[in-house]
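Participant: Provided herewith is a single structure, encoded as structure tokens, for subsequent inquiry.
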Amino acid sequence: MLIDTFGRVARDLRVSLTDRCNLRCAYCMPPEGLEWLPGDEVLTDDEVLRVIRIAVGLGVTEIRFTGGEPLLRRGLVDIVRRTAALEPRPHISLTTNGIGLARTAQALRDAGLDRVNVSLDTLDPEKFATLARRDRLCDVLAGLEAAAAAGLTPVKVNAVMMRGVNDEEAAPLLRWCLEHGYHLRFIEQMPLDAQHGWDRATMVSADEVLARLAESFSLVPVGAEERGSAPAEEWLVDGGPGRVGVIGSVTRPFCGTCDRVRLTADGQVRNCLFARDESDLRAALRSEASDEQLARLLEANLLAKRAGHGIDDPGFLQPVRPMSAIGG
Ligand code: SAM
Ligand code: SF4
């Protein structure tokens, strides 16, 4: 089992398949993009599958593929198919910006993908082009439709609010998601952008999003017992069955129930988005380590997991790796 010194058990492995992306969301990347990982540093499909298999053997039950933009990974459908063939079969999901999903949703579903989370921060094409620095809203909307049609349900939508950019859109975005049967979750912006532009003073907080939503909807909290280790707190909207989630990573941290562990595209294991240390699985994979040795490295990494992300600690330091290179 992957257990830490606070008794938390890791069941959810987030696998970043690439650090590359075709958008440049302002809360994530600078306009010019980043220096991408050299190809030979990125784990091969076989290496990724080997780590997933070992993690499943250690009790991981959920595999989420992410990035960067995971749809840019050439072997994605095959990676999903091979993951779905593992015993016991893990639940498989994907976090994506949706670009290209219109073409691949059915193939991913057929390969064994269970669900998708699509990131969508605005329904206004101009604001989208400002925020994501690419004029691709239509592709994202087509991707969402295709995901629902392929049965990758419930389709979840992730939205990050930025002050003065899209923070007026919380209620319209929720209305639109309810109409389309998508499950919307607002994520508080975290200090994980490559350009270090995060500012707590201007961050749109979970409370603020909820206050804006409450102007247009009646919201009733869903019991904490239903939440488990999920990062989102949930509210029933206008009596249900529609819901909205809020992931208050900064102001309402949920580290105490965290069950996540991450594998970066270049084969580093991270026990937290905000971890200062990584375990180099790639070096071990490429020096003929046994499955047993890889399992011990994973276990040791988890044992070093801290109690919390420490954003509020006076000595907090933003991790060197940005979100796009960790895997959100
Ligand atoms: N490219 C894919 C996407 O955008 O869904 C997957 C990777 S992205 C890093 C995963 C999630 O992290 C997205 O929902 C994105 O909105 C979110 N994200 C990125 N930077 C963030 C930040 N600084 N704070 C909070 N969420 C962030
Ligand atoms: Fe790309 Fe996702 Fe980062 Fe946006 S949030 S720049 S889509 S990795």
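Labels used: A, B, ... for chains in the order of the structure tokens, numbers from 1 for residues in each chain, and numbers from 1 for ligands as shown.
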Could you please extract the residues within 9 Å of ligand 1, counting only C-alpha atoms and all ligand atoms, and hand them back as a PDB file with N, CA and C atoms, in the first residue's frame?
Facilitator:
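The result, written out as selection10.pdb:
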ATOM      1  N   SER A  16       1.096  12.480 -15.915  1.00  0.00           N
ATOM      2  CA  SER A  16       1.284  13.495 -16.949  1.00  0.00           C
ATOM      3  C   SER A  16       1.953  12.838 -18.154  1.00  0.00           C
ATOM      4  N   ASP A  19       4.469  17.616 -21.244  1.00  0.00           N
ATOM      5  CA  ASP A  19       4.417  18.965 -20.661  1.00  0.00           C
ATOM      6  C   ASP A  19       4.001  19.987 -21.730  1.00  0.00           C
ATOM      7  N   ARG A  20       3.807  19.520 -22.963  1.00  0.00           N
ATOM      8  CA  ARG A  20       3.479  20.449 -24.059  1.00  0.00           C
ATOM      9  C   ARG A  20       2.012  20.818 -24.037  1.00  0.00           C
ATOM     10  N   CYS A  21       1.703  21.962 -24.613  1.00  0.00           N
ATOM     11  CA  CYS A  21       0.307  22.359 -24.696  1.00  0.00           C
ATOM     12  C   CYS A  21       0.069  23.251 -25.900  1.00  0.00           C
ATOM     13  N   ASN A  22      -1.182  23.218 -26.395  1.00  0.00           N
ATOM     14  CA  ASN A  22      -1.557  24.057 -27.529  1.00  0.00           C
ATOM     15  C   ASN A  22      -2.317  25.312 -27.085  1.00  0.00           C
ATOM     16  N   LEU A  23      -2.499  25.495 -25.768  1.00  0.00           N
ATOM     17  CA  LEU A  23      -3.028  26.756 -25.238  1.00  0.00           C
ATOM     18  C   LEU A  23      -1.963  27.389 -24.347  1.00  0.00           C
ATOM     19  N   CYS A  25      -2.917  29.270 -21.211  1.00  0.00           N
ATOM     20  CA  CYS A  25      -3.788  29.875 -20.208  1.00  0.00           C
ATOM     21  C   CYS A  25      -2.970  30.771 -19.270  1.00  0.00           C
ATOM     22  N   ALA A  26      -3.502  31.968 -19.026  1.00  0.00           N
ATOM     23  CA  ALA A  26      -2.731  32.986 -18.297  1.00  0.00           C
ATOM     24  C   ALA A  26      -2.337  32.535 -16.896  1.00  0.00           C
ATOM     25  N   TYR A  27      -3.168  31.676 -16.263  1.00  0.00           N
ATOM     26  CA  TYR A  27      -2.859  31.231 -14.900  1.00  0.00           C
ATOM     27  C   TYR A  27      -1.880  30.055 -14.894  1.00  0.00           C
ATOM     28  N   CYS A  28      -1.436  29.643 -16.082  1.00  0.00           N
ATOM     29  CA  CYS A  28      -0.611  28.434 -16.181  1.00  0.00           C
ATOM     30  C   CYS A  28       0.721  28.687 -16.876  1.00  0.00           C
ATOM     31  N   MET A  29       0.681  29.383 -18.013  1.00  0.00           N
ATOM     32  CA  MET A  29       1.901  29.512 -18.841  1.00  0.00           C
ATOM     33  C   MET A  29       2.099  30.937 -19.323  1.00  0.00           C
ATOM     34  N   PHE A  65      -5.117  10.623 -16.613  1.00  0.00           N
ATOM     35  CA  PHE A  65      -4.097  11.115 -17.530  1.00  0.00           C
ATOM     36  C   PHE A  65      -4.258  12.617 -17.681  1.00  0.00           C
ATOM     37  N   THR A  66      -3.111  13.317 -17.649  1.00  0.00           N
ATOM     38  CA  THR A  66      -3.151  14.768 -17.704  1.00  0.00           C
ATOM     39  C   THR A  66      -1.871  15.270 -18.351  1.00  0.00           C
ATOM     40  N   GLY A  67      -1.596  16.568 -18.201  1.00  0.00           N
ATOM     41  CA  GLY A  67      -0.390  17.125 -18.804  1.00  0.00           C
ATOM     42  C   GLY A  67      -0.095  18.487 -18.204  1.00  0.00           C
ATOM     43  N   GLY A  68       0.469  19.374 -18.964  1.00  0.00           N
ATOM     44  CA  GLY A  68       0.401  19.623 -20.384  1.00  0.00           C
ATOM     45  C   GLY A  68      -0.956  19.210 -20.957  1.00  0.00           C
ATOM     46  N   GLU A  69      -0.984  19.052 -22.244  1.00  0.00           N
ATOM     47  CA  GLU A  69      -2.232  18.633 -22.871  1.00  0.00           C
ATOM     48  C   GLU A  69      -2.108  17.165 -23.301  1.00  0.00           C
ATOM     49  N   PRO A  70      -2.782  16.257 -22.583  1.00  0.00           N
ATOM     50  CA  PRO A  70      -2.581  14.826 -22.837  1.00  0.00           C
ATOM     51  C   PRO A  70      -3.040  14.378 -24.229  1.00  0.00           C
ATOM     52  N   LEU A  71      -3.971  15.136 -24.856  1.00  0.00           N
ATOM     53  CA  LEU A  71      -4.406  14.734 -26.212  1.00  0.00           C
ATOM     54  C   LEU A  71      -3.286  14.931 -27.227  1.00  0.00           C
ATOM     55  N   LEU A  94      -9.454  11.421 -17.731  1.00  0.00           N
ATOM     56  CA  LEU A  94      -8.551  12.285 -18.500  1.00  0.00           C
ATOM     57  C   LEU A  94      -8.900  13.736 -18.187  1.00  0.00           C
ATOM     58  N   THR A  95      -7.883  14.558 -17.939  1.00  0.00           N
ATOM     59  CA  THR A  95      -8.104  16.004 -17.814  1.00  0.00           C
ATOM     60  C   THR A  95      -7.504  16.652 -19.050  1.00  0.00           C
ATOM     61  N   THR A  96      -8.330  17.405 -19.766  1.00  0.00           N
ATOM     62  CA  THR A  96      -7.914  17.917 -21.068  1.00  0.00           C
ATOM     63  C   THR A  96      -8.488  19.312 -21.307  1.00  0.00           C
ATOM     64  N   ASN A  97      -7.852  20.048 -22.204  1.00  0.00           N
ATOM     65  CA  ASN A  97      -8.459  21.320 -22.608  1.00  0.00           C
ATOM     66  C   ASN A  97      -9.502  21.105 -23.704  1.00  0.00           C
ATOM     67  N   GLY A  98      -9.683  19.890 -24.151  1.00  0.00           N
ATOM     68  CA  GLY A  98     -10.769  19.559 -25.076  1.00  0.00           C
ATOM     69  C   GLY A  98     -10.427  19.718 -26.544  1.00  0.00           C
ATOM     70  N   ASN A 117     -12.571  15.269 -17.721  1.00  0.00           N
ATOM     71  CA  ASN A 117     -12.737  16.630 -17.197  1.00  0.00           C
ATOM     72  C   ASN A 117     -12.210  17.555 -18.280  1.00  0.00           C
ATOM     73  N   VAL A 118     -13.040  18.496 -18.702  1.00  0.00           N
ATOM     74  CA  VAL A 118     -12.606  19.438 -19.729  1.00  0.00           C
ATOM     75  C   VAL A 118     -12.504  20.822 -19.094  1.00  0.00           C
ATOM     76  N   SER A 119     -11.408  21.500 -19.349  1.00  0.00           N
ATOM     77  CA  SER A 119     -11.217  22.831 -18.773  1.00  0.00           C
ATOM     78  C   SER A 119     -11.858  23.874 -19.676  1.00  0.00           C
ATOM     79  N   LEU A 120     -12.693  24.702 -19.090  1.00  0.00           N
ATOM     80  CA  LEU A 120     -13.387  25.742 -19.857  1.00  0.00           C
ATOM     81  C   LEU A 120     -13.673  26.900 -18.904  1.00  0.00           C
ATOM     82  N   ASP A 121     -13.058  28.047 -19.159  1.00  0.00           N
ATOM     83  CA  ASP A 121     -13.139  29.158 -18.217  1.00  0.00           C
ATOM     84  C   ASP A 121     -14.112  30.245 -18.641  1.00  0.00           C
ATOM     85  N   VAL A 157     -16.634  19.865 -16.052  1.00  0.00           N
ATOM     86  CA  VAL A 157     -15.991  21.062 -16.607  1.00  0.00           C
ATOM     87  C   VAL A 157     -15.240  21.739 -15.469  1.00  0.00           C
ATOM     88  N   ASN A 158     -13.961  22.030 -15.694  1.00  0.00           N
ATOM     89  CA  ASN A 158     -13.146  22.743 -14.696  1.00  0.00           C
ATOM     90  C   ASN A 158     -13.005  24.195 -15.110  1.00  0.00           C
ATOM     91  N   ALA A 159     -13.269  25.116 -14.192  1.00  0.00           N
ATOM     92  CA  ALA A 159     -13.121  26.538 -14.519  1.00  0.00           C
ATOM     93  C   ALA A 159     -12.286  27.247 -13.459  1.00  0.00           C
ATOM     94  N   VAL A 160     -11.351  28.059 -13.912  1.00  0.00           N
ATOM     95  CA  VAL A 160     -10.555  28.896 -13.010  1.00  0.00           C
ATOM     96  C   VAL A 160     -10.991  30.338 -13.266  1.00  0.00           C
ATOM     97  N   ILE A 187     -12.252  25.979  -9.738  1.00  0.00           N
ATOM     98  CA  ILE A 187     -10.979  25.696  -9.049  1.00  0.00           C
ATOM     99  C   ILE A 187     -10.321  27.027  -8.676  1.00  0.00           C
ATOM    100  N   GLU A 188      -9.985  27.184  -7.419  1.00  0.00           N
ATOM    101  CA  GLU A 188      -9.237  28.393  -7.032  1.00  0.00           C
ATOM    102  C   GLU A 188      -7.867  28.394  -7.706  1.00  0.00           C
ATOM    103  N   GLN A 189      -7.478  29.559  -8.155  1.00  0.00           N
ATOM    104  CA  GLN A 189      -6.165  29.678  -8.802  1.00  0.00           C
ATOM    105  C   GLN A 189      -5.061  29.441  -7.766  1.00  0.00           C
ATOM    106  N   MET A 190      -4.095  28.619  -8.128  1.00  0.00           N
ATOM    107  CA  MET A 190      -3.010  28.286  -7.193  1.00  0.00           C
ATOM    108  C   MET A 190      -1.681  28.870  -7.674  1.00  0.00           C
ATOM    109  N   PRO A 191      -0.736  29.032  -6.755  1.00  0.00           N
ATOM    110  CA  PRO A 191       0.589  29.557  -7.142  1.00  0.00           C
ATOM    111  C   PRO A 191       1.417  28.479  -7.840  1.00  0.00           C
ATOM    112  N   LEU A 192       1.029  28.178  -9.071  1.00  0.00           N
ATOM    113  CA  LEU A 192       1.713  27.124  -9.827  1.00  0.00           C
ATOM    114  C   LEU A 192       1.997  27.552 -11.252  1.00  0.00           C
ATOM    115  N   ASP A 193       1.811  28.835 -11.543  1.00  0.00           N
ATOM    116  CA  ASP A 193       2.066  29.315 -12.903  1.00  0.00           C
ATOM    117  C   ASP A 193       3.555  29.530 -13.105  1.00  0.00           C
ATOM    118  N   ALA A 194       3.998  29.254 -14.320  1.00  0.00           N
ATOM    119  CA  ALA A 194       5.430  29.323 -14.616  1.00  0.00           C
ATOM    120  C   ALA A 194       5.981  30.742 -14.433  1.00  0.00           C
ATOM    121  N   TRP A 198       0.933  34.672  -9.603  1.00  0.00           N
ATOM    122  CA  TRP A 198      -0.158  34.472  -8.647  1.00  0.00           C
ATOM    123  C   TRP A 198      -0.075  35.482  -7.514  1.00  0.00           C
ATOM    124  N   SER A 249      -8.686  25.002  -3.157  1.00  0.00           N
ATOM    125  CA  SER A 249      -7.361  24.484  -2.786  1.00  0.00           C
ATOM    126  C   SER A 249      -6.595  25.422  -1.869  1.00  0.00           C
ATOM    127  N   PRO A 322       6.329  24.192 -12.943  1.00  0.00           N
ATOM    128  CA  PRO A 322       4.992  24.766 -13.068  1.00  0.00           C
ATOM    129  C   PRO A 322       3.942  23.669 -13.229  1.00  0.00           C
ATOM    130  N   MET A 323       2.687  24.033 -13.043  1.00  0.00           N
ATOM    131  CA  MET A 323       1.562  23.092 -13.132  1.00  0.00           C
ATOM    132  C   MET A 323       1.613  22.243 -14.405  1.00  0.00           C
ATOM    133  N   SER A 324       1.935  22.884 -15.540  1.00  0.00           N
ATOM    134  CA  SER A 324       1.884  22.158 -16.812  1.00  0.00           C
ATOM    135  C   SER A 324       2.932  21.055 -16.872  1.00  0.00           C
ATOM    136  N   ALA A 325       3.994  21.183 -16.088  1.00  0.00           N
ATOM    137  CA  ALA A 325       5.041  20.157 -16.095  1.00  0.00           C
ATOM    138  C   ALA A 325       4.860  19.165 -14.955  1.00  0.00           C
ATOM    139  N   ILE A 326       3.916  19.435 -14.057  1.00  0.00           N
ATOM    140  CA  ILE A 326       3.649  18.481 -12.974  1.00  0.00           C
ATOM    141  C   ILE A 326       2.511  17.562 -13.394  1.00  0.00           C
ATOM    142  N   GLY A 327       1.444  18.162 -13.916  1.00  0.00           N
ATOM    143  CA  GLY A 327       0.240  17.384 -14.221  1.00  0.00           C
ATOM    144  C   GLY A 327      -0.822  17.708 -13.204  1.00  0.00           C
ATOM    145  N   GLY A 328      -1.852  18.442 -13.645  1.00  0.00           N
ATOM    146  CA  GLY A 328      -2.870  18.949 -12.710  1.00  0.00           C
ATOM    147  C   GLY A 328      -3.925  17.906 -12.396  1.00  0.00           C
TER     148      GLY A 328
END
Participant: Compile the contact shell of Arg260 (chain A) as a short mmCIF file (atom, residue, chain, number, x, y, z; two decimals) with all heavy atoms, in the first residue's frame: residues with an atom at most 8 Å away, counting only C-alpha atoms, same-chain residues fewer than 3 positions apart removed.
Facilitator:
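See out-v6.cif below for the written result:
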data_model
loop_
_atom_site.label_atom_id
_atom_site.label_comp_id
_atom_site.auth_asym_id
_atom_site.auth_seq_id
_atom_site.Cartn_x
_atom_site.Cartn_y
_atom_site.Cartn_z
N ALA A 10 -2.62 6.51 -0.78
CA ALA A 10 -2.72 7.02 -2.16
C ALA A 10 -3.44 5.99 -3.03
O ALA A 10 -2.97 4.86 -3.17
CB ALA A 10 -1.33 7.31 -2.70
N ARG A 11 -4.55 6.41 -3.59
CA ARG A 11 -5.35 5.54 -4.47
C ARG A 11 -5.45 6.11 -5.88
O ARG A 11 -5.94 5.46 -6.78
CB ARG A 11 -6.79 5.42 -3.94
CG ARG A 11 -6.88 4.91 -2.53
CD ARG A 11 -7.07 3.40 -2.55
NE ARG A 11 -7.20 2.87 -1.21
CZ ARG A 11 -6.69 1.71 -0.83
NH1 ARG A 11 -5.99 0.98 -1.67
NH2 ARG A 11 -6.86 1.27 0.39
N ASP A 12 -5.06 7.37 -6.02
CA ASP A 12 -5.33 8.12 -7.25
C ASP A 12 -3.99 8.58 -7.84
O ASP A 12 -3.31 9.43 -7.27
CB ASP A 12 -6.21 9.32 -6.85
CG ASP A 12 -6.57 10.22 -8.01
OD1 ASP A 12 -5.92 10.14 -9.07
OD2 ASP A 12 -7.50 11.04 -7.86
N LEU A 13 -3.60 7.95 -8.96
CA LEU A 13 -2.33 8.32 -9.61
C LEU A 13 -2.61 9.23 -10.81
O LEU A 13 -3.35 8.84 -11.72
CB LEU A 13 -1.59 7.05 -10.06
CG LEU A 13 -0.31 7.27 -10.88
CD1 LEU A 13 0.76 7.97 -10.05
CD2 LEU A 13 0.22 5.94 -11.42
N ARG A 14 -2.05 10.42 -10.78
CA ARG A 14 -2.20 11.36 -11.90
C ARG A 14 -0.95 11.26 -12.77
O ARG A 14 0.16 11.51 -12.29
CB ARG A 14 -2.33 12.79 -11.37
CG ARG A 14 -3.36 12.85 -10.24
CD ARG A 14 -4.49 13.72 -10.60
NE ARG A 14 -5.65 13.38 -9.81
CZ ARG A 14 -6.62 14.19 -9.51
NH1 ARG A 14 -6.57 15.45 -9.93
NH2 ARG A 14 -7.66 13.79 -8.82
N ASN A 271 4.59 13.55 -4.43
CA ASN A 271 3.48 13.19 -3.54
C ASN A 271 2.52 14.35 -3.32
O ASN A 271 1.52 14.21 -2.62
CB ASN A 271 4.02 12.64 -2.21
CG ASN A 271 4.99 13.61 -1.54
OD1 ASN A 271 4.82 14.82 -1.63
ND2 ASN A 271 6.02 13.06 -0.90
N CYS A 272 2.83 15.52 -3.91
CA CYS A 272 1.96 16.69 -3.75
C CYS A 272 2.24 17.65 -4.90
O CYS A 272 3.37 17.71 -5.39
CB CYS A 272 2.27 17.38 -2.41
SG CYS A 272 1.38 18.93 -2.14
#
Participant: If we count only C-alpha atoms, what is near region 142-152 of chain A at a cut-off of 10 Å, once residues fewer than 4 positions away on the same chain are taken out, given as a ChimeraX atom specification?
Facilitator: /A:93-94,96-110,112-120,137-138,156-157,180-182
Participant: Please dump the current selection as a short mmCIF file (atom, residue, chain, number, x, y, z; two decimals), in the first residue's frame; keep N, CA, C and O atoms.
Facilitator:
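Writing the result to result_22.cif gives the following:
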data_model
loop_
_atom_site.label_atom_id
_atom_site.label_comp_id
_atom_site.auth_asym_id
_atom_site.auth_seq_id
_atom_site.Cartn_x
_atom_site.Cartn_y
_atom_site.Cartn_z
N SER A 93 -9.52 8.14 -16.14
CA SER A 93 -10.08 9.43 -16.54
C SER A 93 -9.00 10.30 -17.17
O SER A 93 -7.81 9.96 -17.16
N LEU A 94 -9.45 11.42 -17.73
CA LEU A 94 -8.55 12.28 -18.50
C LEU A 94 -8.90 13.74 -18.19
O LEU A 94 -10.08 14.10 -18.17
N THR A 96 -8.33 17.40 -19.77
CA THR A 96 -7.91 17.92 -21.07
C THR A 96 -8.49 19.31 -21.31
O THR A 96 -9.51 19.67 -20.71
N ASN A 97 -7.85 20.05 -22.20
CA ASN A 97 -8.46 21.32 -22.61
C ASN A 97 -9.50 21.11 -23.70
O ASN A 97 -10.13 22.06 -24.15
N GLY A 98 -9.68 19.89 -24.15
CA GLY A 98 -10.77 19.56 -25.08
C GLY A 98 -10.43 19.72 -26.54
O GLY A 98 -11.18 19.26 -27.41
N ILE A 99 -9.28 20.33 -26.85
CA ILE A 99 -8.95 20.55 -28.27
C ILE A 99 -8.51 19.22 -28.90
O ILE A 99 -7.52 18.63 -28.48
N GLY A 100 -9.29 18.77 -29.89
CA GLY A 100 -9.00 17.48 -30.52
C GLY A 100 -9.87 16.36 -29.97
O GLY A 100 -9.89 15.26 -30.52
N LEU A 101 -10.61 16.65 -28.90
CA LEU A 101 -11.45 15.60 -28.30
C LEU A 101 -12.59 15.21 -29.23
O LEU A 101 -13.05 14.06 -29.20
N ALA A 102 -13.03 16.15 -30.07
CA ALA A 102 -14.12 15.84 -31.01
C ALA A 102 -13.71 14.66 -31.91
O ALA A 102 -14.54 13.84 -32.28
N ARG A 103 -12.43 14.58 -32.23
CA ARG A 103 -11.94 13.52 -33.11
C ARG A 103 -11.66 12.22 -32.36
O ARG A 103 -11.74 11.14 -32.93
N THR A 104 -11.31 12.33 -31.07
CA THR A 104 -10.76 11.14 -30.38
C THR A 104 -11.67 10.57 -29.29
O THR A 104 -11.37 9.51 -28.76
N ALA A 105 -12.75 11.27 -28.95
CA ALA A 105 -13.56 10.85 -27.80
C ALA A 105 -14.03 9.40 -27.94
O ALA A 105 -13.90 8.61 -26.99
N GLN A 106 -14.55 9.04 -29.11
CA GLN A 106 -15.10 7.69 -29.26
C GLN A 106 -14.00 6.62 -29.18
O GLN A 106 -14.17 5.59 -28.53
N ALA A 107 -12.85 6.92 -29.81
CA ALA A 107 -11.74 5.95 -29.76
C ALA A 107 -11.26 5.78 -28.33
O ALA A 107 -10.93 4.66 -27.89
N LEU A 108 -11.22 6.87 -27.57
CA LEU A 108 -10.79 6.80 -26.17
C LEU A 108 -11.79 5.99 -25.36
O LEU A 108 -11.41 5.16 -24.52
N ARG A 109 -13.06 6.24 -25.63
CA ARG A 109 -14.12 5.49 -24.92
C ARG A 109 -13.98 3.99 -25.23
O ARG A 109 -14.02 3.15 -24.34
N ASP A 110 -13.82 3.68 -26.52
CA ASP A 110 -13.70 2.28 -26.93
C ASP A 110 -12.47 1.61 -26.31
O ASP A 110 -12.46 0.42 -26.05
N GLY A 112 -11.39 2.23 -23.38
CA GLY A 112 -11.61 1.99 -21.96
C GLY A 112 -11.62 3.23 -21.08
O GLY A 112 -11.71 3.11 -19.85
N LEU A 113 -11.52 4.42 -21.70
CA LEU A 113 -11.59 5.63 -20.87
C LEU A 113 -12.99 5.72 -20.25
O LEU A 113 -13.99 5.51 -20.94
N ASP A 114 -13.04 6.04 -18.95
CA ASP A 114 -14.34 6.11 -18.27
C ASP A 114 -14.93 7.51 -18.29
O ASP A 114 -16.13 7.67 -18.46
N ARG A 115 -14.10 8.54 -18.09
CA ARG A 115 -14.63 9.89 -17.89
C ARG A 115 -13.64 10.93 -18.35
O ARG A 115 -12.44 10.65 -18.45
N VAL A 116 -14.13 12.15 -18.59
CA VAL A 116 -13.23 13.27 -18.86
C VAL A 116 -13.58 14.48 -18.01
O VAL A 116 -14.75 14.69 -17.66
N ASN A 117 -12.57 15.27 -17.72
CA ASN A 117 -12.74 16.63 -17.20
C ASN A 117 -12.21 17.55 -18.28
O ASN A 117 -11.07 17.38 -18.74
N VAL A 118 -13.04 18.50 -18.70
CA VAL A 118 -12.61 19.44 -19.73
C VAL A 118 -12.50 20.82 -19.09
O VAL A 118 -13.41 21.26 -18.38
N SER A 119 -11.41 21.50 -19.35
CA SER A 119 -11.22 22.83 -18.77
C SER A 119 -11.86 23.87 -19.68
O SER A 119 -11.61 23.89 -20.88
N LEU A 120 -12.69 24.70 -19.09
CA LEU A 120 -13.39 25.74 -19.86
C LEU A 120 -13.67 26.90 -18.90
O LEU A 120 -14.42 26.74 -17.95
N LEU A 137 -12.11 28.41 -28.79
CA LEU A 137 -13.31 28.05 -28.01
C LEU A 137 -14.17 27.01 -28.74
O LEU A 137 -14.67 26.06 -28.13
N CYS A 138 -14.36 27.19 -30.07
CA CYS A 138 -15.21 26.27 -30.84
C CYS A 138 -14.73 24.83 -30.70
O CYS A 138 -15.54 23.90 -30.57
N LYS A 156 -17.23 16.42 -16.73
CA LYS A 156 -16.99 17.51 -15.77
C LYS A 156 -16.29 18.65 -16.46
O LYS A 156 -15.46 18.42 -17.36
N VAL A 157 -16.63 19.86 -16.05
CA VAL A 157 -15.99 21.06 -16.61
C VAL A 157 -15.24 21.74 -15.47
O VAL A 157 -15.80 21.96 -14.40
N HIS A 180 -26.57 21.86 -20.42
CA HIS A 180 -25.94 20.83 -21.27
C HIS A 180 -25.65 19.53 -20.53
O HIS A 180 -25.10 18.60 -21.12
N GLY A 181 -25.98 19.48 -19.25
CA GLY A 181 -25.75 18.25 -18.49
C GLY A 181 -24.29 18.04 -18.10
O GLY A 181 -23.87 16.92 -17.82
N TYR A 182 -23.49 19.12 -18.09
CA TYR A 182 -22.09 19.01 -17.67
C TYR A 182 -22.00 19.39 -16.18
O TYR A 182 -22.74 20.24 -15.71
#
Participant: Give the answer as one residue: which of A:Ile92, A:Thr44, A:Arg134, A:Trp36 has the shortest atom-to-atom distance to Arg286 (chain A), using only C-alpha atoms?
Facilitator: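 Smallest separation from Arg286 (chain A) among the options: A:Thr44.
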Participant: Tell me, as a PyMOL selection string, which residues lie within 12 Å of region 165-169 of chain A, counting only C-alpha atoms; anything in the same chain fewer than 2 positions away does not count.
Facilitator: chain A and resi 25-27+120-132+159-163+171-177+186+188-189+202-206+208-213+215-216
Participant: Would you return as a ChimeraX atom specification the members of region 80-310 of chain A that DSSP assigns to strand (DSSP E) on this structure's backbone?
Facilitator: /A:91-96,115-119,156-160,183-187,219-221,233-237,243-247,260-263,268-270,279-280
Participant: I need the chosen residues saved as a PDB file, in the first residue's frame, with C-alpha atoms.
Facilitator:
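result36.pdb, freshly written:
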ATOM      1  CA  HIS A  91     -10.952   3.601 -13.146  1.00  0.00           C
ATOM      2  CA  ILE A  92      -9.498   5.731 -15.981  1.00  0.00           C
ATOM      3  CA  SER A  93     -10.083   9.430 -16.540  1.00  0.00           C
ATOM      4  CA  LEU A  94      -8.551  12.285 -18.500  1.00  0.00           C
ATOM      5  CA  THR A  95      -8.104  16.004 -17.814  1.00  0.00           C
ATOM      6  CA  THR A  96      -7.914  17.917 -21.068  1.00  0.00           C
ATOM      7  CA  ARG A 115     -14.628   9.889 -17.889  1.00  0.00           C
ATOM      8  CA  VAL A 116     -13.229  13.268 -18.863  1.00  0.00           C
ATOM      9  CA  ASN A 117     -12.737  16.630 -17.197  1.00  0.00           C
ATOM     10  CA  VAL A 118     -12.606  19.438 -19.729  1.00  0.00           C
ATOM     11  CA  SER A 119     -11.217  22.831 -18.773  1.00  0.00           C
ATOM     12  CA  LYS A 156     -16.994  17.506 -15.768  1.00  0.00           C
ATOM     13  CA  VAL A 157     -15.991  21.062 -16.607  1.00  0.00           C
ATOM     14  CA  ASN A 158     -13.146  22.743 -14.696  1.00  0.00           C
ATOM     15  CA  ALA A 159     -13.121  26.538 -14.519  1.00  0.00           C
ATOM     16  CA  VAL A 160     -10.555  28.896 -13.010  1.00  0.00           C
ATOM     17  CA  HIS A 183     -20.911  19.045 -14.074  1.00  0.00           C
ATOM     18  CA  LEU A 184     -19.136  22.339 -13.383  1.00  0.00           C
ATOM     19  CA  ARG A 185     -16.418  22.775 -10.765  1.00  0.00           C
ATOM     20  CA  PHE A 186     -14.657  26.026  -9.978  1.00  0.00           C
ATOM     21  CA  ILE A 187     -10.979  25.696  -9.049  1.00  0.00           C
ATOM     22  CA  LEU A 219     -27.368  26.442  -3.263  1.00  0.00           C
ATOM     23  CA  VAL A 220     -27.656  23.663  -0.671  1.00  0.00           C
ATOM     24  CA  PRO A 221     -24.442  21.982   0.483  1.00  0.00           C
ATOM     25  CA  GLU A 233     -17.123  20.554  -2.140  1.00  0.00           C
ATOM     26  CA  GLU A 234     -20.523  20.151  -3.772  1.00  0.00           C
ATOM     27  CA  TRP A 235     -23.778  22.119  -3.723  1.00  0.00           C
ATOM     28  CA  LEU A 236     -27.203  21.139  -5.068  1.00  0.00           C
ATOM     29  CA  VAL A 237     -28.394  23.864  -7.410  1.00  0.00           C
ATOM     30  CA  ARG A 243     -24.830  20.359  -8.827  1.00  0.00           C
ATOM     31  CA  VAL A 244     -21.864  22.650  -8.712  1.00  0.00           C
ATOM     32  CA  GLY A 245     -18.480  21.952  -7.163  1.00  0.00           C
ATOM     33  CA  VAL A 246     -15.903  24.302  -5.713  1.00  0.00           C
ATOM     34  CA  ILE A 247     -12.285  23.275  -5.253  1.00  0.00           C
ATOM     35  CA  ARG A 260      -3.279  11.593  -4.794  1.00  0.00           C
ATOM     36  CA  VAL A 261       0.218  10.957  -6.099  1.00  0.00           C
ATOM     37  CA  ARG A 262       1.696  12.207  -9.362  1.00  0.00           C
ATOM     38  CA  LEU A 263       3.997  10.948 -12.089  1.00  0.00           C
ATOM     39  CA  GLN A 268       9.475  11.894 -11.480  1.00  0.00           C
ATOM     40  CA  VAL A 269       7.130  10.937  -8.653  1.00  0.00           C
ATOM     41  CA  ARG A 270       5.607  13.777  -6.625  1.00  0.00           C
ATOM     42  CA  SER A 279      11.780  10.613  -6.750  1.00  0.00           C
ATOM     43  CA  ASP A 280      13.523   9.804 -10.000  1.00  0.00           C
TER      44      ASP A 280
END
Participant: Ranking A:Ala214, A:Leu72, A:Leu285, A:Leu2 by minimum distance to ligand 2 and counting only C-alpha atoms and all ligand atoms, which one comes first?
Facilitator: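 Nearest candidate to ligand 2 out of A:Ala214, A:Leu72, A:Leu285, A:Leu2: A:Leu72.
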